[in-house]
Amino acid sequence: MAAEPESGRAEPMAAERDPEGRAAAQPLLTDLYQATMALGYWRAGRARDHAEFELFFRRCPFGGAFTLAAGLRDCVRFLRAFRLRDADVQFLASVLPPDTDPAFFEHLRALDCSGVTVRALPEGSLAFPGVPLLQVSGPLLVVQLLETPLLCLVSYASLVATNAARLRLIAGPEKRLLEMGLRRAQGPDGGLTASTYSYLGGFDSSSNVLAGQLRGVPVAGTLAHSFVTSFSGSEVPPDPILAPAAGEGPGVDLAASVKKWLERVCAHLGLGVQEPHPGERAAFVAYALAFPRAFQGLLDSYSVWRSGLPNFLAVALALGELGYRPVGVRLDSGDLLQLAQEVRGVFRATAAHFQVPWLESVSIAVSNNIDEEELVRLAQELVSVGGQPRMKLTEDPEKQTLPGSKAAFRLLGYDGSLLLDVLQLAEEPPPQAGQELRVWPRGAQEPRTVRPAQVEPLLQLWVHQGQLCEPLPSLAESRAFAQLSLSRLSPEHKRLRSPALYQVALSEKLQDLVDRLHRGGPL
């Protein structure tokens, strides 16, 4: 339900003293035409006219039938910190006409978001084409300057979260998904956003340490090929002694124990003891000494079968004698599915041979450009000004916008299934559960009558006249809500290829307004 401002909980729009607030987008993260239009409004005496704009998707990304709404937290932080500094105003003065009235720039210096109101889908909500993710209203000049940065913050976050959700649907609820794309990200800001909203969309953790510090994303990671290949095998650990996991009994020279185990493992696998790479083994021993409770082997720096696997098994079995359990192995190249299946077979045979049942269930992680197709294979194993409706008319139906200030509702059936979303004018009474409702599905030639068992308002009031109405959910809470939202979506709408399209409809009053605007008739 939309929440009214509560005086005890409302907070002024001011920059927060926290690291994430300082990382918020800057006010000039905008298109120049927003500033030129702002000058035009000011010159026309319309800077304080009331205006509203909406952000929405015309089509769901990736050929799918749903979008996960994300980025609201970043938008609210941006609004709370929004203020044009002297340096910002000076730069705008340098790119606007030199004869611009200095009073315009004084107006800019005084701007803040104290007159701005924001309604939005909660982060993690399902969003469908045409349904607003974000509604922003306030003084015309201010909301014009806000349009581009808010669109940037919502669009990318929602794309990343949706992509992550699709990957989670493929992997299922039990598999662990780690995001580790920082080194190939679209710059530092893009990397932080991607790590944050991959987590919201369903990933378990990220390799991005800054996302952990600033956003609370669980971080994870072990070692890279560069660590393994930096060892030659001649290195001697300064302290090779490892104490038992239980803390009782004498310590053991881990390097020596691994050497003994390697002989037994190679005999079992039919390998010569000289075949496994000594540098790789030294790297594994060094890592196991540093992280005996979190040892993971990266198997393909050299040869999986002749080196990585036997070296891992030798270290794992040496750790096992001391009561430790390795957390798993990682494969980063080759036919990942086939390799994973064959490695699992070796684990089972070795567990039986050495009578160590825990080895059968050691996890196998795969990495290296895992897209939807590969994961499938792996898993198989602006809209009103001055209160007057405005509508963009175009020959392309997809680019037409819907007029007026709107409300959005989700209608559910008696079994809790999602029936459709309804857009209507804000002044209309909301739909009622158990009552028939006549609506016009978008793109349809005829209306449809529905009788919802439940009606959920979609757009929640988060900021009213520059004051935060209620605390924003934590990232972890939004992540859990996203998974709940997805669980309510039918399988045919969750299909990754050729999904059934979810229906979005207009109220009769809104459809009538659209028709009259098309005909050029009176409002």
# chains A, B, ... in the order shown; residues from 1 in each chain; ligands from 1

call {"tool": "closest_atom_pairs", "arguments": {"of": "stretch 153-258 of chain A", "to": "stretch 107-129 of chain A", "cutoff": "12 Å", "atoms": "only C-alpha atoms", "output": "tab-separated table"}}
result
residue	atom	partner	partner_atom	distance
A:Val154	CA	A:Glu123	CA	10.0
A:Ser155	CA	A:Ala127	CA	12.0
A:Ala157	CA	A:Glu123	CA	10.0
A:Ser158	CA	A:Gly124	CA	9.0
A:Leu159	CA	A:Ala127	CA	11.5
A:Val160	CA	A:Gly124	CA	11.8
A:Ala161	CA	A:Gly124	CA	8.3
A:Thr162	CA	A:Gly124	CA	9.4
A:Ala164	CA	A:Gly124	CA	11.7
A:Ala165	CA	A:Gly124	CA	9.9
A:Tyr197	CA	A:Gly124	CA	9.8
A:Ser198	CA	A:Gly124	CA	11.5
A:Tyr199	CA	A:Gly124	CA	10.9
A:Leu200	CA	A:Gly124	CA	7.2
A:Gly201	CA	A:Gly124	CA	7.4
A:Gly202	CA	A:Gly124	CA	9.9

call {"tool": "write_last_selection", "arguments": {"atoms": "N, CA and C atoms", "output": "compact mmCIF listing (two decimals), in the first residue's frame"}}
result
# COMPACT_ATOMS: atom_id res chain seq x y z
N VAL A 154 17.91 3.44 -13.05
CA VAL A 154 16.90 2.38 -13.03
C VAL A 154 17.13 1.38 -14.16
N SER A 155 17.45 1.88 -15.36
CA SER A 155 17.51 0.98 -16.51
C SER A 155 18.61 -0.06 -16.37
N ALA A 157 20.35 -1.02 -13.70
CA ALA A 157 20.14 -1.90 -12.55
C ALA A 157 19.08 -2.95 -12.84
N SER A 158 18.00 -2.54 -13.51
CA SER A 158 16.93 -3.49 -13.81
C SER A 158 17.36 -4.51 -14.86
N LEU A 159 18.17 -4.08 -15.83
CA LEU A 159 18.69 -5.03 -16.81
C LEU A 159 19.56 -6.09 -16.15
N VAL A 160 20.46 -5.64 -15.28
CA VAL A 160 21.36 -6.58 -14.61
C VAL A 160 20.58 -7.53 -13.72
N ALA A 161 19.64 -6.99 -12.94
CA ALA A 161 18.85 -7.83 -12.04
C ALA A 161 18.02 -8.85 -12.83
N THR A 162 17.47 -8.42 -13.96
CA THR A 162 16.67 -9.33 -14.78
C THR A 162 17.53 -10.44 -15.37
N ALA A 164 20.30 -11.58 -14.11
CA ALA A 164 20.64 -12.48 -13.00
C ALA A 164 19.47 -13.39 -12.65
N ALA A 165 18.26 -12.85 -12.67
CA ALA A 165 17.08 -13.67 -12.35
C ALA A 165 16.89 -14.78 -13.38
N TYR A 197 23.41 -5.57 -8.35
CA TYR A 197 22.10 -6.00 -8.83
C TYR A 197 22.10 -7.42 -9.36
N SER A 198 23.28 -7.99 -9.62
CA SER A 198 23.33 -9.43 -9.83
C SER A 198 22.92 -10.15 -8.55
N TYR A 199 23.37 -9.63 -7.43
CA TYR A 199 22.99 -10.21 -6.14
C TYR A 199 21.48 -10.07 -5.90
N LEU A 200 20.95 -8.86 -6.16
CA LEU A 200 19.50 -8.67 -5.97
C LEU A 200 18.71 -9.64 -6.85
N GLY A 201 19.21 -9.86 -8.07
CA GLY A 201 18.49 -10.71 -9.00
C GLY A 201 18.58 -12.20 -8.71
N GLY A 202 19.44 -12.59 -7.78
CA GLY A 202 19.46 -14.00 -7.41
C GLY A 202 20.81 -14.65 -7.28

call {"tool": "residues_around", "arguments": {"residues": "A:Lys509", "least_positions_apart": "3", "cutoff": "12 Å", "atoms": "only C-alpha atoms", "output": "ChimeraX atom specification"}}
result
/A:403-404,406,422-429,437-440,505-506,512-516,523

call {"tool": "write_last_selection", "arguments": {"atoms": "N, CA, C and O atoms", "output": "short mmCIF file (atom, residue, chain, number, x, y, z; two decimals), in the first residue's frame"}}
result
data_model
loop_
_atom_site.label_atom_id
_atom_site.label_comp_id
_atom_site.auth_asym_id
_atom_site.auth_seq_id
_atom_site.Cartn_x
_atom_site.Cartn_y
_atom_site.Cartn_z
N PRO A 403 -1.14 8.82 -21.59
CA PRO A 403 -1.30 10.16 -21.03
C PRO A 403 -1.72 10.14 -19.57
O PRO A 403 -2.29 9.17 -19.07
N GLY A 404 -1.42 11.27 -18.89
CA GLY A 404 -1.95 11.50 -17.55
C GLY A 404 -1.21 10.84 -16.43
O GLY A 404 -0.36 9.97 -16.62
N LYS A 406 -1.01 8.28 -13.57
CA LYS A 406 -1.63 6.95 -13.55
C LYS A 406 -1.36 6.21 -12.26
O LYS A 406 -0.40 6.47 -11.54
N VAL A 422 -3.24 -3.68 -14.44
CA VAL A 422 -4.15 -2.66 -14.96
C VAL A 422 -3.56 -1.28 -14.70
O VAL A 422 -3.14 -0.97 -13.58
N LEU A 423 -3.53 -0.48 -15.77
CA LEU A 423 -3.16 0.93 -15.65
C LEU A 423 -4.43 1.76 -15.75
O LEU A 423 -5.29 1.51 -16.61
N GLN A 424 -4.56 2.75 -14.86
CA GLN A 424 -5.72 3.62 -14.89
C GLN A 424 -5.31 5.02 -14.47
O GLN A 424 -4.20 5.23 -13.98
N LEU A 425 -6.18 5.99 -14.71
CA LEU A 425 -5.88 7.35 -14.29
C LEU A 425 -5.90 7.43 -12.77
O LEU A 425 -6.66 6.72 -12.10
N ALA A 426 -5.04 8.28 -12.23
CA ALA A 426 -4.87 8.33 -10.77
C ALA A 426 -6.15 8.70 -10.04
O ALA A 426 -6.36 8.27 -8.90
N GLU A 427 -7.04 9.48 -10.71
CA GLU A 427 -8.27 9.91 -10.02
C GLU A 427 -9.34 8.83 -10.01
O GLU A 427 -10.35 8.96 -9.30
N GLU A 428 -9.14 7.75 -10.75
CA GLU A 428 -10.15 6.69 -10.76
C GLU A 428 -10.12 5.89 -9.46
O GLU A 428 -9.06 5.70 -8.86
N PRO A 429 -11.28 5.38 -9.02
CA PRO A 429 -11.28 4.50 -7.85
C PRO A 429 -10.55 3.21 -8.17
O PRO A 429 -10.62 2.72 -9.31
N LEU A 437 -14.55 -6.20 -13.58
CA LEU A 437 -13.85 -5.02 -14.09
C LEU A 437 -13.69 -5.17 -15.59
O LEU A 437 -13.23 -6.22 -16.06
N ARG A 438 -14.07 -4.16 -16.33
CA ARG A 438 -13.93 -4.18 -17.79
C ARG A 438 -12.67 -3.41 -18.16
O ARG A 438 -12.53 -2.22 -17.82
N VAL A 439 -11.74 -4.06 -18.83
CA VAL A 439 -10.45 -3.46 -19.16
C VAL A 439 -10.14 -3.71 -20.63
O VAL A 439 -10.74 -4.57 -21.28
N TRP A 440 -9.16 -2.96 -21.14
CA TRP A 440 -8.71 -3.09 -22.52
C TRP A 440 -7.27 -3.56 -22.54
O TRP A 440 -6.36 -2.78 -22.29
N ALA A 505 -3.28 -4.18 -19.14
CA ALA A 505 -4.52 -3.62 -19.69
C ALA A 505 -4.73 -2.19 -19.19
O ALA A 505 -4.16 -1.78 -18.18
N LEU A 506 -5.58 -1.47 -19.91
CA LEU A 506 -5.95 -0.10 -19.54
C LEU A 506 -7.39 -0.10 -19.04
O LEU A 506 -8.25 -0.85 -19.54
N ASP A 512 -10.31 5.43 -23.17
CA ASP A 512 -11.11 6.48 -23.82
C ASP A 512 -10.28 7.74 -24.01
O ASP A 512 -10.35 8.39 -25.06
N LEU A 513 -9.46 8.10 -23.02
CA LEU A 513 -8.60 9.27 -23.13
C LEU A 513 -7.58 9.09 -24.24
O LEU A 513 -7.31 10.00 -25.04
N VAL A 514 -6.99 7.88 -24.32
CA VAL A 514 -6.04 7.59 -25.39
C VAL A 514 -6.70 7.74 -26.75
O VAL A 514 -6.16 8.37 -27.67
N ASP A 515 -7.90 7.20 -26.90
CA ASP A 515 -8.61 7.27 -28.18
C ASP A 515 -8.91 8.72 -28.55
O ASP A 515 -8.77 9.12 -29.73
N ARG A 516 -9.34 9.54 -27.59
CA ARG A 516 -9.67 10.94 -27.88
C ARG A 516 -8.42 11.72 -28.28
O ARG A 516 -8.48 12.58 -29.17
N LEU A 523 -10.27 17.13 -24.43
CA LEU A 523 -10.01 16.32 -23.25
C LEU A 523 -11.15 16.44 -22.24
O LEU A 523 -11.24 15.64 -21.35
#

call {"tool": "select_by_dssp", "arguments": {"residues": "stretch 221-403 of chain A", "states": "strand (DSSP E or B)", "output": "ChimeraX atom specification"}}
result
/A:241-242,252-253,296-298,328-331,363-366,384-385,388-389

call {"tool": "write_last_selection", "arguments": {"atoms": "N, CA, C and O atoms", "output": "PDB file, in the first residue's frame"}}
result
ATOM      1  N   ILE A 241      54.028 -26.441   8.839  1.00  0.00           N
ATOM      2  CA  ILE A 241      53.300 -27.221   9.845  1.00  0.00           C
ATOM      3  C   ILE A 241      51.861 -26.729   9.973  1.00  0.00           C
ATOM      4  O   ILE A 241      51.608 -25.541  10.156  1.00  0.00           O
ATOM      5  N   LEU A 242      50.947 -27.655   9.877  1.00  0.00           N
ATOM      6  CA  LEU A 242      49.524 -27.344  10.016  1.00  0.00           C
ATOM      7  C   LEU A 242      48.951 -28.137  11.175  1.00  0.00           C
ATOM      8  O   LEU A 242      49.111 -29.364  11.236  1.00  0.00           O
ATOM      9  N   VAL A 252      51.356 -31.214  11.578  1.00  0.00           N
ATOM     10  CA  VAL A 252      51.899 -32.064  10.515  1.00  0.00           C
ATOM     11  C   VAL A 252      52.518 -31.180   9.445  1.00  0.00           C
ATOM     12  O   VAL A 252      52.000 -30.102   9.128  1.00  0.00           O
ATOM     13  N   ASP A 253      53.641 -31.644   8.908  1.00  0.00           N
ATOM     14  CA  ASP A 253      54.261 -30.969   7.767  1.00  0.00           C
ATOM     15  C   ASP A 253      53.370 -31.238   6.557  1.00  0.00           C
ATOM     16  O   ASP A 253      53.375 -32.338   5.997  1.00  0.00           O
ATOM     17  N   GLN A 296      40.270 -24.526  -2.173  1.00  0.00           N
ATOM     18  CA  GLN A 296      39.657 -24.868  -3.441  1.00  0.00           C
ATOM     19  C   GLN A 296      40.756 -24.995  -4.484  1.00  0.00           C
ATOM     20  O   GLN A 296      41.670 -24.172  -4.523  1.00  0.00           O
ATOM     21  N   GLY A 297      40.688 -26.001  -5.312  1.00  0.00           N
ATOM     22  CA  GLY A 297      41.683 -26.205  -6.347  1.00  0.00           C
ATOM     23  C   GLY A 297      41.211 -25.722  -7.701  1.00  0.00           C
ATOM     24  O   GLY A 297      40.105 -26.060  -8.130  1.00  0.00           O
ATOM     25  N   LEU A 298      42.031 -24.931  -8.356  1.00  0.00           N
ATOM     26  CA  LEU A 298      41.779 -24.523  -9.734  1.00  0.00           C
ATOM     27  C   LEU A 298      42.496 -25.532 -10.623  1.00  0.00           C
ATOM     28  O   LEU A 298      43.736 -25.583 -10.655  1.00  0.00           O
ATOM     29  N   GLY A 328      36.032 -27.294  -2.559  1.00  0.00           N
ATOM     30  CA  GLY A 328      35.701 -27.688  -3.912  1.00  0.00           C
ATOM     31  C   GLY A 328      36.811 -27.449  -4.906  1.00  0.00           C
ATOM     32  O   GLY A 328      37.956 -27.145  -4.540  1.00  0.00           O
ATOM     33  N   VAL A 329      36.465 -27.613  -6.174  1.00  0.00           N
ATOM     34  CA  VAL A 329      37.386 -27.361  -7.283  1.00  0.00           C
ATOM     35  C   VAL A 329      36.691 -26.420  -8.265  1.00  0.00           C
ATOM     36  O   VAL A 329      35.461 -26.270  -8.255  1.00  0.00           O
ATOM     37  N   ARG A 330      37.489 -25.810  -9.132  1.00  0.00           N
ATOM     38  CA  ARG A 330      36.940 -24.936 -10.175  1.00  0.00           C
ATOM     39  C   ARG A 330      37.531 -25.318 -11.520  1.00  0.00           C
ATOM     40  O   ARG A 330      38.734 -25.574 -11.622  1.00  0.00           O
ATOM     41  N   LEU A 331      36.674 -25.355 -12.529  1.00  0.00           N
ATOM     42  CA  LEU A 331      37.078 -25.580 -13.912  1.00  0.00           C
ATOM     43  C   LEU A 331      36.818 -24.308 -14.700  1.00  0.00           C
ATOM     44  O   LEU A 331      35.731 -23.730 -14.615  1.00  0.00           O
ATOM     45  N   SER A 363      32.301 -29.983  -3.988  1.00  0.00           N
ATOM     46  CA  SER A 363      31.613 -29.214  -5.029  1.00  0.00           C
ATOM     47  C   SER A 363      32.520 -28.957  -6.226  1.00  0.00           C
ATOM     48  O   SER A 363      33.746 -28.862  -6.092  1.00  0.00           O
ATOM     49  N   ILE A 364      31.902 -28.859  -7.387  1.00  0.00           N
ATOM     50  CA  ILE A 364      32.607 -28.561  -8.636  1.00  0.00           C
ATOM     51  C   ILE A 364      32.031 -27.273  -9.199  1.00  0.00           C
ATOM     52  O   ILE A 364      30.844 -27.220  -9.557  1.00  0.00           O
ATOM     53  N   ALA A 365      32.837 -26.225  -9.257  1.00  0.00           N
ATOM     54  CA  ALA A 365      32.398 -24.937  -9.800  1.00  0.00           C
ATOM     55  C   ALA A 365      32.952 -24.770 -11.205  1.00  0.00           C
ATOM     56  O   ALA A 365      34.043 -25.249 -11.520  1.00  0.00           O
ATOM     57  N   VAL A 366      32.166 -24.109 -12.069  1.00  0.00           N
ATOM     58  CA  VAL A 366      32.625 -23.810 -13.420  1.00  0.00           C
ATOM     59  C   VAL A 366      32.548 -22.309 -13.648  1.00  0.00           C
ATOM     60  O   VAL A 366      31.704 -21.613 -13.087  1.00  0.00           O
ATOM     61  N   SER A 384       2.775  14.249 -17.884  1.00  0.00           N
ATOM     62  CA  SER A 384       1.788  15.310 -17.659  1.00  0.00           C
ATOM     63  C   SER A 384       2.500  16.574 -17.217  1.00  0.00           C
ATOM     64  O   SER A 384       3.491  16.516 -16.507  1.00  0.00           O
ATOM     65  N   VAL A 385       1.995  17.758 -17.682  1.00  0.00           N
ATOM     66  CA  VAL A 385       2.582  19.060 -17.344  1.00  0.00           C
ATOM     67  C   VAL A 385       1.452  19.986 -16.975  1.00  0.00           C
ATOM     68  O   VAL A 385       0.476  20.103 -17.712  1.00  0.00           O
ATOM     69  N   GLN A 388      -2.191  18.791 -17.154  1.00  0.00           N
ATOM     70  CA  GLN A 388      -2.794  18.394 -18.423  1.00  0.00           C
ATOM     71  C   GLN A 388      -2.110  17.148 -18.964  1.00  0.00           C
ATOM     72  O   GLN A 388      -0.878  17.095 -19.015  1.00  0.00           O
ATOM     73  N   PRO A 389      -2.866  16.136 -19.363  1.00  0.00           N
ATOM     74  CA  PRO A 389      -2.231  14.928 -19.893  1.00  0.00           C
ATOM     75  C   PRO A 389      -1.434  15.217 -21.149  1.00  0.00           C
ATOM     76  O   PRO A 389      -1.845  16.025 -21.981  1.00  0.00           O
TER      77      PRO A 389
END

call {"tool": "residues_around", "arguments": {"residues": "A:Val343", "least_positions_apart": "4", "cutoff": "9 Å", "atoms": "only C-alpha atoms", "output": "count of residues only"}}
result
8

call {"tool": "select_by_dssp", "arguments": {"residues": "stretch 378-517 of chain A", "states": "helix (DSSP H, G or I)", "output": "PDB file with C-alpha atoms, in the first residue's frame"}}
result
ATOM      1  CA  LEU A 378      25.066 -27.215 -17.492  1.00  0.00           C
ATOM      2  CA  ALA A 379      21.811 -27.139 -15.566  1.00  0.00           C
ATOM      3  CA  GLN A 380      20.389 -29.948 -17.622  1.00  0.00           C
ATOM      4  CA  PRO A 397       2.920   1.962 -31.356  1.00  0.00           C
ATOM      5  CA  GLU A 398       5.804   0.855 -29.139  1.00  0.00           C
ATOM      6  CA  LYS A 399       6.990   4.457 -28.793  1.00  0.00           C
ATOM      7  CA  LEU A 475      19.542  -5.179  -0.393  1.00  0.00           C
ATOM      8  CA  ALA A 476      19.126  -8.646   1.094  1.00  0.00           C
ATOM      9  CA  GLU A 477      15.417  -7.992   1.752  1.00  0.00           C
ATOM     10  CA  SER A 478      14.946  -6.830  -1.845  1.00  0.00           C
ATOM     11  CA  ARG A 479      16.747  -9.958  -3.046  1.00  0.00           C
ATOM     12  CA  ALA A 480      14.382 -12.169  -1.067  1.00  0.00           C
ATOM     13  CA  PHE A 481      11.393 -10.208  -2.405  1.00  0.00           C
ATOM     14  CA  ALA A 482      12.649 -10.710  -5.959  1.00  0.00           C
ATOM     15  CA  GLN A 483      12.690 -14.473  -5.500  1.00  0.00           C
ATOM     16  CA  LEU A 484       9.195 -14.358  -3.995  1.00  0.00           C
ATOM     17  CA  SER A 485       7.989 -12.279  -6.945  1.00  0.00           C
ATOM     18  CA  LEU A 486       9.430 -14.739  -9.443  1.00  0.00           C
ATOM     19  CA  SER A 487       7.871 -17.682  -7.633  1.00  0.00           C
ATOM     20  CA  PRO A 491       6.045 -21.241 -15.897  1.00  0.00           C
ATOM     21  CA  GLU A 492       4.931 -20.101 -19.356  1.00  0.00           C
ATOM     22  CA  HIS A 493       5.854 -16.510 -18.452  1.00  0.00           C
ATOM     23  CA  LYS A 494       9.205 -17.620 -17.040  1.00  0.00           C
ATOM     24  CA  GLU A 508     -11.964   2.044 -19.848  1.00  0.00           C
ATOM     25  CA  LYS A 509     -11.438   5.687 -18.813  1.00  0.00           C
ATOM     26  CA  LEU A 510      -7.760   5.633 -19.715  1.00  0.00           C
ATOM     27  CA  GLN A 511      -8.458   3.847 -23.007  1.00  0.00           C
ATOM     28  CA  ASP A 512     -11.105   6.477 -23.822  1.00  0.00           C
ATOM     29  CA  LEU A 513      -8.597   9.269 -23.132  1.00  0.00           C
ATOM     30  CA  VAL A 514      -6.037   7.586 -25.389  1.00  0.00           C
ATOM     31  CA  ASP A 515      -8.607   7.271 -28.178  1.00  0.00           C
ATOM     32  CA  ARG A 516      -9.668  10.936 -27.882  1.00  0.00           C
ATOM     33  CA  LEU A 517      -6.043  12.111 -27.996  1.00  0.00           C
TER      34      LEU A 517
END

call {"tool": "decode", "arguments": {"residues": "stretch 29-45 of chain A", "atoms": "N, CA, C and O atoms", "output": "short mmCIF file (atom, residue, chain, number, x, y, z; two decimals), in the first residue's frame"}}
result
data_model
loop_
_atom_site.label_atom_id
_atom_site.label_comp_id
_atom_site.auth_asym_id
_atom_site.auth_seq_id
_atom_site.Cartn_x
_atom_site.Cartn_y
_atom_site.Cartn_z
N LEU A 29 25.30 14.16 -14.22
CA LEU A 29 25.17 12.92 -14.98
C LEU A 29 23.86 12.99 -15.75
O LEU A 29 22.86 12.34 -15.43
N THR A 30 23.84 13.83 -16.77
CA THR A 30 22.61 14.10 -17.50
C THR A 30 22.93 14.48 -18.93
O THR A 30 24.10 14.69 -19.28
N ASP A 31 21.92 14.56 -19.76
CA ASP A 31 22.09 15.00 -21.14
C ASP A 31 22.02 16.51 -21.21
O ASP A 31 21.24 17.14 -20.49
N LEU A 32 22.80 17.10 -22.11
CA LEU A 32 22.83 18.56 -22.23
C LEU A 32 21.45 19.11 -22.54
O LEU A 32 21.07 20.19 -22.06
N TYR A 33 20.65 18.37 -23.33
CA TYR A 33 19.34 18.93 -23.66
C TYR A 33 18.43 19.08 -22.45
O TYR A 33 17.48 19.87 -22.46
N GLN A 34 18.71 18.38 -21.37
CA GLN A 34 17.93 18.62 -20.15
C GLN A 34 18.23 20.01 -19.60
O GLN A 34 17.32 20.71 -19.11
N ALA A 35 19.50 20.43 -19.69
CA ALA A 35 19.86 21.78 -19.23
C ALA A 35 19.33 22.85 -20.18
O ALA A 35 18.87 23.92 -19.73
N THR A 36 19.37 22.59 -21.49
CA THR A 36 18.85 23.60 -22.43
C THR A 36 17.34 23.74 -22.28
O THR A 36 16.79 24.84 -22.36
N MET A 37 16.63 22.61 -22.06
CA MET A 37 15.19 22.70 -21.82
C MET A 37 14.90 23.41 -20.50
O MET A 37 13.93 24.18 -20.39
N ALA A 38 15.73 23.17 -19.49
CA ALA A 38 15.56 23.87 -18.21
C ALA A 38 15.64 25.38 -18.40
O ALA A 38 14.85 26.15 -17.83
N LEU A 39 16.61 25.82 -19.21
CA LEU A 39 16.73 27.25 -19.50
C LEU A 39 15.49 27.75 -20.23
O LEU A 39 14.97 28.84 -19.96
N GLY A 40 14.98 26.95 -21.17
CA GLY A 40 13.77 27.33 -21.89
C GLY A 40 12.57 27.49 -20.98
O GLY A 40 11.80 28.43 -21.09
N TYR A 41 12.40 26.53 -20.04
CA TYR A 41 11.30 26.64 -19.08
C TYR A 41 11.46 27.90 -18.22
O TYR A 41 10.49 28.61 -17.96
N TRP A 42 12.68 28.15 -17.79
CA TRP A 42 12.93 29.32 -16.92
C TRP A 42 12.62 30.60 -17.66
O TRP A 42 11.96 31.51 -17.11
N ARG A 43 13.06 30.71 -18.90
CA ARG A 43 12.81 31.92 -19.70
C ARG A 43 11.31 32.10 -19.95
O ARG A 43 10.81 33.22 -20.09
N ALA A 44 10.56 31.01 -20.03
CA ALA A 44 9.12 31.07 -20.27
C ALA A 44 8.32 31.27 -18.99
O ALA A 44 7.08 31.30 -19.03
N GLY A 45 9.01 31.36 -17.85
CA GLY A 45 8.32 31.54 -16.58
C GLY A 45 7.62 30.30 -16.09
O GLY A 45 6.67 30.38 -15.30
#
